[in-house]
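Below: target.cif (mmCIF, C-alpha atoms)
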```
data_final
loop_
_atom_site.label_atom_id
_atom_site.label_comp_id
_atom_site.auth_asym_id
_atom_site.auth_seq_id
_atom_site.Cartn_x
_atom_site.Cartn_y
_atom_site.Cartn_z
CA MET S 310 -64.57 0.16 52.42
CA ALA S 311 -64.01 2.34 49.37
CA ASN S 312 -62.69 5.12 51.55
CA LEU S 313 -60.31 2.69 53.23
CA ILE S 314 -58.94 1.47 49.92
CA CYS S 315 -58.48 5.01 48.58
CA SER S 316 -56.65 6.06 51.71
CA THR S 317 -54.38 3.02 51.60
CA MET S 318 -53.40 3.07 47.92
CA PRO S 319 -51.45 6.41 47.89
CA SER S 320 -49.35 5.36 50.85
CA MET S 321 -48.68 1.98 49.22
CA ALA S 322 -47.68 3.65 45.93
CA ALA S 323 -45.45 6.11 47.72
CA PHE S 324 -43.83 3.35 49.74
CA THR S 325 -43.23 1.21 46.67
CA ALA S 326 -41.85 4.09 44.58
CA SER S 327 -39.49 5.09 47.39
CA ASP S 328 -38.35 1.49 47.65
CA LEU S 329 -37.72 1.50 43.89
CA LEU S 330 -35.59 4.66 44.07
CA ARG S 331 -33.71 3.34 47.09
CA SER S 332 -33.10 0.01 45.39
CA ARG S 333 -31.72 1.62 42.22
CA SER S 334 -29.53 4.09 44.10
CA LEU S 335 -28.03 1.37 46.33
CA ARG S 336 -27.24 -0.85 43.35
CA LYS S 337 -25.29 1.88 41.49
CA PRO S 338 -21.55 2.22 42.25
CA LEU S 339 -20.90 5.01 44.75
CA PRO S 340 -18.09 6.67 42.72
CA ARG S 341 -20.47 7.35 39.82
CA VAL S 342 -23.51 8.83 41.60
CA SER S 343 -23.62 10.48 44.98
CA PRO S 344 -27.22 10.53 46.24
CA LEU S 345 -26.50 13.10 48.91
CA SER S 346 -24.29 16.10 48.49
CA SER S 347 -23.63 18.87 50.94
CA SER S 348 -22.39 21.20 48.24
CA SER S 349 -24.72 22.74 45.71
CA ASP S 350 -21.92 22.91 43.14
CA LYS S 351 -21.30 19.17 43.38
CA LEU S 352 -25.02 18.52 43.17
CA GLY S 353 -25.33 20.67 40.06
CA SER S 354 -22.43 19.00 38.27
CA SER S 355 -23.72 15.56 39.23
CA LEU S 356 -27.18 16.33 37.90
CA SER S 357 -25.83 17.84 34.67
CA SER S 358 -23.95 14.62 33.87
CA LEU S 359 -27.02 12.43 34.25
CA LYS S 360 -29.15 11.40 31.28
CA PRO S 361 -32.74 12.78 31.05
CA LEU S 362 -35.20 10.87 33.23
CA TYR S 363 -38.48 9.87 31.65
CA LEU S 364 -41.25 8.90 34.07
CA ALA S 365 -43.91 6.43 33.09
CA PRO S 366 -47.22 5.85 34.86
CA LEU S 367 -46.87 3.72 37.94
CA GLY S 368 -49.22 1.22 36.44
CA SER S 369 -46.71 0.39 33.73
CA PHE S 370 -44.26 -0.74 36.42
CA GLY S 371 -46.91 -2.83 38.16
CA LEU S 372 -47.26 -0.30 40.98
CA GLY S 373 -50.72 0.34 42.33
CA SER S 374 -52.32 -1.78 39.57
CA ARG S 375 -54.73 -4.55 40.10
CA ASP S 376 -51.85 -7.00 39.91
CA GLY S 377 -50.47 -5.58 43.11
CA PRO S 378 -47.10 -4.04 43.91
CA ALA S 379 -44.08 -5.09 41.83
CA SER S 380 -41.87 -7.77 43.26
CA ALA S 381 -38.24 -7.20 44.21
CA ALA S 382 -37.14 -9.48 41.33
CA ASN S 383 -39.03 -7.34 38.82
CA LEU S 384 -37.47 -4.18 40.20
CA ARG S 385 -34.01 -5.69 39.95
CA GLY S 386 -34.74 -6.70 36.36
CA LEU S 387 -35.83 -3.17 35.50
CA SER S 388 -32.66 -1.77 37.02
CA SER S 389 -30.48 -4.22 35.05
CA LYS S 390 -32.26 -3.46 31.78
CA ALA S 391 -31.93 0.28 32.33
CA ARG S 392 -28.22 0.03 33.02
CA ALA S 393 -27.70 -2.22 30.00
CA TYR S 394 -29.62 0.19 27.78
CA GLU S 395 -27.60 3.15 29.01
CA ALA S 396 -24.34 1.24 28.51
CA ASP S 397 -25.25 0.34 24.95
CA ARG S 398 -26.03 3.96 24.11
CA SER S 399 -23.04 5.55 25.82
CA GLU S 400 -20.32 3.05 24.87
CA GLY S 401 -21.28 2.64 21.20
CA ILE S 402 -20.49 6.19 20.14
CA PRO S 403 -16.75 6.23 21.03
CA VAL S 404 -16.18 2.93 19.21
CA LEU S 405 -17.61 4.30 15.98
CA ASP S 406 -15.63 7.49 16.43
CA ASN S 407 -12.38 5.56 16.89
CA GLU S 408 -13.08 3.45 13.81
CA GLY S 409 -13.67 6.58 11.74
CA ARG S 410 -10.43 8.11 12.94
CA ALA S 411 -8.51 4.92 12.19
CA ALA S 412 -9.94 4.77 8.66
CA ALA S 413 -9.06 8.42 8.03
CA ALA S 414 -5.52 7.88 9.33
CA GLN S 415 -5.13 4.83 7.08
CA LYS S 416 -6.18 6.86 4.01
CA VAL S 417 -3.65 9.56 4.86
CA LYS S 418 -0.95 6.94 5.31
CA ILE S 419 -1.70 5.35 1.93
CA GLY S 420 -1.70 8.78 0.29
CA ILE S 421 1.74 9.48 1.74
CA TYR S 422 2.98 6.12 0.48
CA PHE S 423 1.73 6.84 -3.04
CA ALA S 424 3.10 10.38 -3.18
CA THR S 425 6.50 9.22 -1.92
CA TRP S 426 6.55 6.26 -4.29
CA TRP S 427 5.77 8.39 -7.36
CA ALA S 428 8.20 11.17 -6.41
CA LEU S 429 11.09 8.78 -5.78
CA ASN S 430 10.40 6.95 -9.03
CA VAL S 431 10.40 10.16 -11.06
CA VAL S 432 13.70 11.27 -9.50
CA PHE S 433 15.27 7.85 -10.13
CA ASN S 434 14.28 7.82 -13.80
CA ILE S 435 15.68 11.32 -14.34
CA TYR S 436 19.07 10.56 -12.78
CA ASN S 437 19.20 7.10 -14.34
CA LYS S 438 18.72 8.57 -17.81
CA LYS S 439 21.35 11.24 -17.16
CA VAL S 440 23.84 8.55 -16.12
CA LEU S 441 23.08 6.35 -19.12
CA ASN S 442 23.43 9.26 -21.53
CA ALA S 443 26.96 9.94 -20.26
CA PHE S 444 27.89 6.36 -19.29
CA PRO S 445 26.13 3.85 -21.59
CA TYR S 446 26.88 0.75 -19.56
CA PRO S 447 23.54 -0.52 -18.25
CA TRP S 448 24.93 -3.72 -16.73
CA LEU S 449 27.21 -1.84 -14.35
CA THR S 450 24.52 0.76 -13.64
CA SER S 451 22.08 -2.00 -12.70
CA THR S 452 24.69 -3.67 -10.50
CA LEU S 453 25.46 -0.46 -8.61
CA SER S 454 21.74 0.13 -7.97
CA LEU S 455 21.41 -3.25 -6.27
CA ALA S 456 24.75 -2.89 -4.44
CA VAL S 457 23.88 0.48 -2.91
CA GLY S 458 20.47 -0.77 -1.83
CA SER S 459 21.98 -3.86 -0.22
CA LEU S 460 24.52 -1.70 1.62
CA ILE S 461 21.78 0.61 2.91
CA MET S 462 19.84 -2.30 4.37
CA LEU S 463 22.90 -3.94 5.92
CA LEU S 464 23.74 -0.68 7.67
CA SER S 465 20.09 -0.33 8.79
CA TRP S 466 20.12 -3.81 10.29
CA GLY S 467 23.48 -3.25 11.95
CA ALA S 468 22.34 0.05 13.51
CA ARG S 469 19.01 -1.51 14.56
CA VAL S 470 17.13 1.08 12.53
CA ALA S 471 15.28 -1.77 10.81
CA GLU S 472 14.40 -5.11 12.32
CA VAL S 473 16.60 -7.96 11.12
CA PRO S 474 14.41 -10.49 9.25
CA LYS S 475 14.18 -14.03 10.52
CA THR S 476 14.90 -16.22 7.51
CA ASP S 477 15.83 -19.83 6.92
CA LEU S 478 17.04 -21.95 4.04
CA ASP S 479 13.51 -22.52 2.75
CA PHE S 480 13.00 -18.77 2.54
CA TRP S 481 16.07 -18.29 0.33
CA LYS S 482 15.11 -21.25 -1.84
CA ALA S 483 11.68 -19.75 -2.44
CA LEU S 484 13.27 -16.35 -3.11
CA ALA S 485 15.78 -17.64 -5.70
CA PRO S 486 13.44 -17.79 -8.75
CA VAL S 487 11.96 -14.43 -7.75
CA ALA S 488 15.47 -12.95 -7.68
CA VAL S 489 16.34 -14.39 -11.10
CA ALA S 490 13.23 -12.86 -12.67
CA HIS S 491 13.83 -9.57 -10.84
CA THR S 492 17.42 -9.42 -12.09
CA ILE S 493 16.42 -10.01 -15.71
CA GLY S 494 13.62 -7.44 -15.54
CA HIS S 495 15.84 -4.84 -13.89
CA VAL S 496 18.69 -5.19 -16.40
CA ALA S 497 16.35 -5.32 -19.41
CA ALA S 498 14.60 -2.10 -18.35
CA THR S 499 17.95 -0.36 -17.85
CA VAL S 500 19.16 -1.53 -21.27
CA SER S 501 15.95 -0.17 -22.78
CA MET S 502 16.38 3.25 -21.19
CA SER S 503 19.97 3.42 -22.41
CA LYS S 504 18.72 3.14 -26.02
CA VAL S 505 15.42 5.02 -26.12
CA ALA S 506 13.61 7.82 -24.29
CA VAL S 507 12.37 7.20 -20.76
CA SER S 508 8.81 7.98 -21.86
CA PHE S 509 8.91 5.34 -24.59
CA THR S 510 10.24 2.66 -22.21
CA HIS S 511 7.42 3.31 -19.77
CA ILE S 512 4.80 3.35 -22.50
CA ILE S 513 5.90 -0.14 -23.53
CA LYS S 514 6.11 -1.24 -19.89
CA SER S 515 2.49 -0.19 -19.41
CA GLY S 516 1.67 -3.31 -21.46
CA GLU S 517 2.72 -5.57 -18.58
CA PRO S 518 -0.90 -6.56 -17.76
CA ALA S 519 -1.20 -8.12 -21.23
CA PHE S 520 1.81 -10.34 -20.53
CA SER S 521 0.39 -11.21 -17.13
CA VAL S 522 -2.92 -12.41 -18.55
CA LEU S 523 -1.34 -14.35 -21.42
CA VAL S 524 1.22 -16.11 -19.21
CA SER S 525 -1.37 -16.92 -16.55
CA ARG S 526 -3.81 -18.22 -19.15
CA PHE S 527 -1.54 -20.40 -21.30
CA LEU S 528 1.11 -21.50 -18.80
CA LEU S 529 -0.86 -21.66 -15.55
CA GLY S 530 -4.31 -22.45 -16.96
CA GLU S 531 -6.03 -19.55 -15.19
CA ARG S 532 -9.23 -18.16 -16.65
CA PHE S 533 -10.35 -14.55 -16.55
CA PRO S 534 -13.68 -12.77 -17.12
CA VAL S 535 -14.39 -11.43 -20.59
CA PRO S 536 -13.89 -7.77 -19.53
CA VAL S 537 -10.29 -8.59 -18.60
CA TYR S 538 -9.56 -9.86 -22.12
CA LEU S 539 -11.31 -6.87 -23.66
CA SER S 540 -9.19 -4.48 -21.59
CA LEU S 541 -6.09 -5.90 -23.28
CA LEU S 542 -7.15 -4.52 -26.66
CA PRO S 543 -6.48 -0.84 -25.85
CA ILE S 544 -3.27 -1.82 -24.04
CA ILE S 545 -1.84 -3.71 -27.00
CA GLY S 546 -3.22 -1.25 -29.55
CA GLY S 547 -1.92 1.79 -27.66
CA CYS S 548 1.56 0.33 -27.23
CA ALA S 549 1.71 -0.62 -30.91
CA LEU S 550 0.61 2.85 -31.99
CA ALA S 551 3.19 4.50 -29.73
CA ALA S 552 5.96 2.20 -31.00
CA VAL S 553 5.17 2.77 -34.68
CA THR S 554 5.08 6.55 -34.31
CA GLU S 555 8.14 6.85 -32.02
CA LEU S 556 10.60 9.27 -33.60
CA ASN S 557 13.70 7.71 -32.00
CA PHE S 558 12.67 4.07 -32.23
CA ASN S 559 15.35 1.50 -31.41
CA MET S 560 14.78 -2.24 -31.59
CA THR S 561 17.14 -2.99 -28.66
CA GLY S 562 15.30 -0.48 -26.50
CA PHE S 563 11.92 -1.86 -27.55
CA MET S 564 12.91 -5.48 -26.89
CA GLY S 565 14.46 -4.54 -23.55
CA ALA S 566 11.14 -3.10 -22.37
CA MET S 567 9.25 -6.17 -23.63
CA ILE S 568 11.63 -8.59 -21.88
CA SER S 569 11.33 -6.54 -18.71
CA ASN S 570 7.55 -6.90 -18.85
CA LEU S 571 7.77 -10.66 -19.22
CA ALA S 572 10.38 -11.02 -16.47
CA PHE S 573 8.40 -8.99 -13.96
CA VAL S 574 5.30 -11.07 -14.69
CA PHE S 575 7.21 -14.22 -13.75
CA ARG S 576 8.63 -12.45 -10.72
CA ASN S 577 5.11 -11.77 -9.47
CA ILE S 578 4.01 -15.34 -10.16
CA PHE S 579 7.01 -16.85 -8.35
CA SER S 580 6.58 -14.44 -5.48
CA LYS S 581 2.92 -15.39 -4.96
CA LYS S 582 3.66 -19.12 -5.10
CA GLY S 583 6.86 -19.24 -3.09
CA MET S 584 6.28 -16.62 -0.39
CA LYS S 585 2.99 -17.87 1.05
CA GLY S 586 3.21 -18.16 4.81
CA LYS S 587 6.53 -16.30 5.03
CA SER S 588 6.39 -13.67 7.79
CA VAL S 589 8.79 -11.07 6.37
CA SER S 590 7.87 -7.40 6.03
CA GLY S 591 7.77 -5.74 2.63
CA MET S 592 10.87 -3.68 3.35
CA ASN S 593 12.97 -6.67 4.44
CA TYR S 594 11.59 -8.80 1.64
CA TYR S 595 12.86 -6.35 -0.96
CA ALA S 596 16.19 -6.04 0.87
CA CYS S 597 16.74 -9.80 0.68
CA LEU S 598 15.63 -9.77 -2.95
CA SER S 599 18.18 -7.05 -3.78
CA MET S 600 21.04 -8.92 -2.13
CA LEU S 601 20.30 -12.18 -3.90
CA SER S 602 19.82 -10.38 -7.23
CA LEU S 603 23.17 -8.65 -6.75
CA LEU S 604 24.93 -11.99 -6.35
CA ILE S 605 23.25 -13.27 -9.51
CA LEU S 606 23.97 -10.17 -11.59
CA MET S 607 27.63 -9.47 -10.75
CA PRO S 608 29.27 -12.28 -12.75
CA PHE S 609 27.11 -11.57 -15.81
CA ALA S 610 27.88 -7.84 -15.65
CA ILE S 611 31.61 -8.56 -15.57
CA ALA S 612 31.30 -10.99 -18.48
CA VAL S 613 29.19 -8.71 -20.70
CA GLU S 614 30.95 -5.37 -20.11
CA GLY S 615 33.96 -5.87 -17.88
CA PRO S 616 36.25 -3.60 -15.82
CA GLN S 617 38.20 -2.27 -18.81
CA MET S 618 35.11 -0.87 -20.52
CA TRP S 619 33.88 0.52 -17.21
CA ALA S 620 37.15 2.33 -16.49
CA ALA S 621 37.31 3.90 -19.96
CA GLY S 622 33.67 4.94 -19.86
CA TRP S 623 34.00 6.33 -16.33
CA ASN S 624 36.99 8.50 -17.22
CA LYS S 625 35.23 9.82 -20.30
CA ALA S 626 32.05 10.66 -18.38
CA VAL S 627 33.94 12.43 -15.58
CA SER S 628 35.97 14.44 -18.07
CA GLN S 629 32.82 15.56 -19.92
CA ILE S 630 30.40 16.05 -17.01
CA GLY S 631 32.75 16.70 -14.11
CA PRO S 632 32.11 15.83 -10.45
CA HIS S 633 28.36 16.03 -11.03
CA PHE S 634 28.53 12.64 -12.73
CA VAL S 635 29.53 10.95 -9.46
CA TRP S 636 26.50 12.55 -7.78
CA TRP S 637 24.24 11.37 -10.59
CA MET S 638 25.49 7.80 -10.20
CA ALA S 639 25.01 7.83 -6.43
CA ALA S 640 21.57 9.46 -6.68
CA GLN S 641 20.20 7.00 -9.23
CA SER S 642 21.38 4.08 -7.09
CA VAL S 643 19.93 5.42 -3.85
CA PHE S 644 16.61 6.49 -5.34
CA TYR S 645 16.23 3.15 -7.13
CA HIS S 646 16.38 1.34 -3.81
CA LEU S 647 14.15 3.82 -2.01
CA TYR S 648 11.31 3.81 -4.55
CA ASN S 649 11.26 0.02 -4.70
CA GLN S 650 11.39 -0.22 -0.92
CA VAL S 651 8.44 2.13 -0.53
CA SER S 652 6.47 0.22 -3.17
CA TYR S 653 6.99 -3.07 -1.31
CA MET S 654 6.14 -1.42 1.99
CA SER S 655 2.89 -0.12 0.49
CA LEU S 656 1.91 -3.68 -0.42
CA ASP S 657 1.65 -4.37 3.31
CA GLU S 658 -1.03 -1.67 3.60
CA ILE S 659 -3.11 -1.85 0.41
CA SER S 660 -4.74 -4.41 -1.83
CA PRO S 661 -3.16 -5.62 -5.09
CA LEU S 662 -5.88 -3.75 -7.02
CA THR S 663 -5.03 -0.44 -5.35
CA PHE S 664 -1.35 -1.11 -5.97
CA SER S 665 -2.03 -1.77 -9.65
CA ILE S 666 -3.90 1.53 -10.00
CA GLY S 667 -1.07 3.31 -8.19
CA ASN S 668 1.45 1.75 -10.55
CA THR S 669 -0.52 3.04 -13.55
CA MET S 670 -0.57 6.55 -12.14
CA LYS S 671 3.15 6.26 -11.44
CA ARG S 672 3.86 5.61 -15.12
CA ILE S 673 1.85 8.68 -16.10
CA SER S 674 3.88 10.86 -13.75
CA VAL S 675 7.18 9.43 -15.05
CA ILE S 676 6.20 9.86 -18.71
CA VAL S 677 5.05 13.45 -18.25
CA ALA S 678 8.05 14.43 -16.11
CA SER S 679 10.60 12.88 -18.50
CA ILE S 680 9.06 14.58 -21.54
CA ILE S 681 9.23 17.97 -19.79
CA ILE S 682 12.74 17.59 -18.37
CA PHE S 683 14.45 15.99 -21.38
CA HIS S 684 12.40 17.94 -23.97
CA THR S 685 11.44 14.70 -25.68
CA PRO S 686 9.75 15.37 -29.04
CA VAL S 687 6.30 13.84 -29.06
CA GLN S 688 3.92 13.67 -32.01
CA PRO S 689 0.18 13.93 -31.34
CA ILE S 690 -0.40 10.41 -32.66
CA ASN S 691 2.36 9.13 -30.37
CA ALA S 692 0.78 10.82 -27.36
CA LEU S 693 -2.59 9.31 -28.34
CA GLY S 694 -1.09 5.82 -28.38
CA ALA S 695 0.40 6.35 -24.93
CA ALA S 696 -2.91 7.62 -23.56
CA ILE S 697 -4.81 4.63 -25.00
CA ALA S 698 -2.32 2.15 -23.53
CA ILE S 699 -2.43 3.72 -20.07
CA PHE S 700 -6.22 3.94 -20.13
CA GLY S 701 -6.34 0.26 -21.06
CA THR S 702 -4.14 -0.51 -18.05
CA PHE S 703 -6.62 1.30 -15.83
CA LEU S 704 -9.53 -0.66 -17.36
CA TYR S 705 -7.62 -3.88 -16.75
CA SER S 706 -7.18 -3.08 -13.05
CA GLN S 707 -10.90 -2.37 -12.76
CA ALA S 708 -11.91 -5.50 -14.68
CA LYS S 709 -9.83 -7.76 -12.45
CA GLN S 710 -11.73 -6.47 -9.44
#
```

Could I get this file's structure written as structure tokens?
Amino acid sequence: MANLICSTMPSMAAFTASDLLRSRSLRKPLPRVSPLSSSSDKLGSSLSSLKPLYLAPLGSFGLGSRDGPASAANLRGLSSKARAYEADRSEGIPVLDNEGRAAAAQKVKIGIYFATWWALNVVFNIYNKKVLNAFPYPWLTSTLSLAVGSLIMLLSWGARVAEVPKTDLDFWKALAPVAVAHTIGHVAATVSMSKVAVSFTHIIKSGEPAFSVLVSRFLLGERFPVPVYLSLLPIIGGCALAAVTELNFNMTGFMGAMISNLAFVFRNIFSKKGMKGKSVSGMNYYACLSMLSLLILMPFAIAVEGPQMWAAGWNKAVSQIGPHFVWWMAAQSVFYHLYNQVSYMSLDEISPLTFSIGNTMKRISVIVASIIIFHTPVQPINALGAAIAIFGTFLYSQAKQ
């Protein structure tokens, strides 16, 4: 009897194993694996693409054990589990690779946005200061900046270069208070730069976070963590130190920068409240904001300065500077629109915290560039105040996180 069992078991194991291989090969799609190949080259390439095969004892599959040969259901289950395991291993790697590539591409895109934003802002401030030195009429200069930007976007929409935004009456109603605050902030900043150095205006404007916290706390009832309040101390102290030690201090220029800070804080508040749920891209949002601000600003610019003053100032500037003055005026208007457009476009891609840090770095680049180009005299104590204020702005952005 023992001899009979021993002679029967190998044949049973061989039969069952062959059935297992035949079952697995028949269940696999024919395009993926060809069990028979007449060409040795095809056979070699097919084998090289297969995963390593690990063989376990037959007993682990229920073959030739005391439990008897494995059932067809068990074999099908093993085949399904093996295919599922292979699919999990082979399909997971490309997904992770694609995610890594997408993240790297996003970082490059944000870097390009920041570099373009800072460069355009530096160029705008340089040409804007040149224009204001020769043509000290900030109301007209501000109006032309908005007019040129509005014209650029109208031409872009007409040529189908940019998608025309879908707006309604509710959109323009929500945009109106934002446009009023934007207009005030824009004109106030231009008035400031017509009276003082560009570097001093931006040092004072670095104190905008302090206005944001104070307005949000006392008018809106918002509460902030203690580190946020502590970060305001270097901001306020640095701005005060820079203002006291400024060699060419001017009260109109100082107040213009302060009013600009306050106006832009309200612009951000109105924008957050009124634009929720509005599906307009950052580029088109700023285009609509520029057009509405232009309509608001034009009558005030005419009332404050007027065509007669503009004509006399224009003739004087052209006679002193020459044709270059016309280029300066066009450049400051175009670059004003472009840097603001890029900044609003970047908001679609980054978080408000990242944008705040980028805005701080932008001010540093403008301050340094303006000091170098215009040879602005800076005392060490004045530079220390600017550094403290800007560092406080960075601390504020981190504390709000």

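Of note, CA of Phe558 (chain S) and CA of His511 (chain S) are spaced 13.5 Å apart.
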
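Minimum atom-to-atom distances from S:Thr452, S:Thr663, S:Thr554, S:Asn407 to Leu603 (chain S) were compared using all atoms listed in the file, and the lowest value belongs to S:Thr452.
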
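When the PyMOL selection byres ((chain S and resi 648) around 9) is evaluated against the file, it yields Thr425, Trp426, Trp427, Ala428, Leu429, Asn430, Phe433, Val643, Phe644, Tyr645, His646, Leu647, Asn649, Gln650, Val651, Ser652 and Tyr653 of chain S.
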
(request) One decimal, Å: what's the distance from CA of Gln617 (chain S) over to CA of Ser451 (chain S), could you say? (result) 17.2 Å

(request) Provide the CA of Val417 (chain S) to CA of Asn593 (chain S) distance in Å, to one decimal place. (result) 23.2 Å

With all atoms listed in the file counted and 7 Å as the cut-off, give the residues of region 520-608 of chain S in contact with region 680-691 of chain S, each with its shortest interatomic distance in Å and the pair that gives it, as CSV.
```
residue,atom,partner,partner_atom,distance
S:Leu550,CA,S:Asn691,CA,6.7
S:Ala551,CA,S:Asn691,CA,4.7
S:Thr554,CA,S:Asn691,CA,5.4
S:Glu555,CA,S:Asn691,CA,6.4
```

May I have the selected residues written with C-alpha atoms, as a PDB file, in the frame of the given file?
```pdb
ATOM      1  CA  LEU S 550       0.610   2.850 -31.990  1.00  0.00           C
ATOM      2  CA  ALA S 551       3.190   4.500 -29.730  1.00  0.00           C
ATOM      3  CA  THR S 554       5.080   6.550 -34.310  1.00  0.00           C
ATOM      4  CA  GLU S 555       8.140   6.850 -32.020  1.00  0.00           C
TER       5      GLU S 555
END
```

Neighbours of Leu523 (chain S) within 12 Å (only C-alpha atoms; same-chain residues fewer than 4 positions away dropped), as a PDB file with C-alpha atoms, in the coordinates of the input?
```pdb
ATOM      1  CA  GLY S 516       1.670  -3.310 -21.460  1.00  0.00           C
ATOM      2  CA  GLU S 517       2.720  -5.570 -18.580  1.00  0.00           C
ATOM      3  CA  PRO S 518      -0.900  -6.560 -17.760  1.00  0.00           C
ATOM      4  CA  ALA S 519      -1.200  -8.120 -21.230  1.00  0.00           C
ATOM      5  CA  PHE S 527      -1.540 -20.400 -21.300  1.00  0.00           C
ATOM      6  CA  LEU S 528       1.110 -21.500 -18.800  1.00  0.00           C
ATOM      7  CA  LEU S 529      -0.860 -21.660 -15.550  1.00  0.00           C
ATOM      8  CA  GLY S 530      -4.310 -22.450 -16.960  1.00  0.00           C
ATOM      9  CA  GLU S 531      -6.030 -19.550 -15.190  1.00  0.00           C
ATOM     10  CA  ARG S 532      -9.230 -18.160 -16.650  1.00  0.00           C
ATOM     11  CA  PHE S 533     -10.350 -14.550 -16.550  1.00  0.00           C
ATOM     12  CA  VAL S 537     -10.290  -8.590 -18.600  1.00  0.00           C
ATOM     13  CA  TYR S 538      -9.560  -9.860 -22.120  1.00  0.00           C
ATOM     14  CA  LEU S 541      -6.090  -5.900 -23.280  1.00  0.00           C
ATOM     15  CA  ASN S 570       7.550  -6.900 -18.850  1.00  0.00           C
ATOM     16  CA  LEU S 571       7.770 -10.660 -19.220  1.00  0.00           C
ATOM     17  CA  VAL S 574       5.300 -11.070 -14.690  1.00  0.00           C
ATOM     18  CA  PHE S 575       7.210 -14.220 -13.750  1.00  0.00           C
TER      19      PHE S 575
END
```

(request) Would you kindly return, as a count of residues only, each protein, DNA or RNA residue with an atom no farther than 8 Å from any atom of region 635-638 of chain S, considering all atoms listed in the file and excluding same-chain residues fewer than 3 positions away? (result) 9

For the structure provided, state which residues fall under the PyMOL selection byres ((chain S and resi 493) around 9), and present them as a tab-separated table (two decimals) with C-alpha atoms, in the coordinates of the input.
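Contents of expr36.tsv, as written:
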```tsv
chain	number	residue	atom	x	y	z
S	488	ALA	CA	15.47	-12.95	-7.68
S	489	VAL	CA	16.34	-14.39	-11.10
S	490	ALA	CA	13.23	-12.86	-12.67
S	491	HIS	CA	13.83	-9.57	-10.84
S	492	THR	CA	17.42	-9.42	-12.09
S	494	GLY	CA	13.62	-7.44	-15.54
S	495	HIS	CA	15.84	-4.84	-13.89
S	496	VAL	CA	18.69	-5.19	-16.40
S	497	ALA	CA	16.35	-5.32	-19.41
S	498	ALA	CA	14.60	-2.10	-18.35
S	568	ILE	CA	11.63	-8.59	-21.88
S	569	SER	CA	11.33	-6.54	-18.71
S	572	ALA	CA	10.38	-11.02	-16.47
S	573	PHE	CA	8.40	-8.99	-13.96
S	606	LEU	CA	23.97	-10.17	-11.59
```

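Excluding Ile544 (chain S) itself and any same-chain residue fewer than 6 positions from it, the protein and nucleic acid residues within 12 Å of it, counting all atoms listed in the file, are S:Ile512, S:Ile513, S:Lys514, S:Ser515, S:Gly516, S:Glu517, S:Pro518, S:Ala519, S:Phe520, S:Val522, S:Val537, S:Tyr538, S:Leu550, S:Ala551, S:Thr669, S:Leu693, S:Gly694, S:Ala695, S:Ala696, S:Ile697, S:Ala698, S:Ile699, S:Phe700, S:Gly701, S:Thr702, S:Phe703, S:Leu704, S:Tyr705, S:Ser706.
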
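Using only C-alpha atoms, the nearest neighbour of Phe609 (chain S) within the list S:Leu449, S:Val553, S:Ile545, S:Leu484 is S:Leu449.
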
I'd like the residues picked by the PyMOL selection byres ((chain S and resi 483) around 9) written out as a CSV table (one decimal) with C-alpha atoms, in the frame of the given file, using the chain letters and numbers from the file.
```csv
chain,number,residue,atom,x,y,z
S,478,LEU,CA,17.0,-22.0,4.0
S,479,ASP,CA,13.5,-22.5,2.8
S,480,PHE,CA,13.0,-18.8,2.5
S,481,TRP,CA,16.1,-18.3,0.3
S,482,LYS,CA,15.1,-21.2,-1.8
S,484,LEU,CA,13.3,-16.4,-3.1
S,485,ALA,CA,15.8,-17.6,-5.7
S,486,PRO,CA,13.4,-17.8,-8.8
S,487,VAL,CA,12.0,-14.4,-7.8
S,579,PHE,CA,7.0,-16.8,-8.4
S,580,SER,CA,6.6,-14.4,-5.5
S,582,LYS,CA,3.7,-19.1,-5.1
S,583,GLY,CA,6.9,-19.2,-3.1
S,584,MET,CA,6.3,-16.6,-0.4
```

(message) Calculated over all atoms listed in the file, which of the candidates S:Met654, S:Thr510, S:Ser521, S:Pro534 has the smallest distance to Ala566 (chain S)?
(response) S:Thr510

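Nearest to Cys548 (chain S) of all the residues S:Ala692, S:Leu453, S:Val675, S:Met502 is S:Ala692, based on only C-alpha atoms.
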
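The residue that comes closest to Lys438 (chain S), out of S:Asn624, S:Ser501, S:Thr476, S:Ser525 and on the basis of all atoms listed in the file, is S:Ser501.
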
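Of the listed residues (S:Arg526, S:His633, S:Arg672, S:Lys709), S:Arg672 comes nearest to Val507 (chain S); the distances count all atoms listed in the file.
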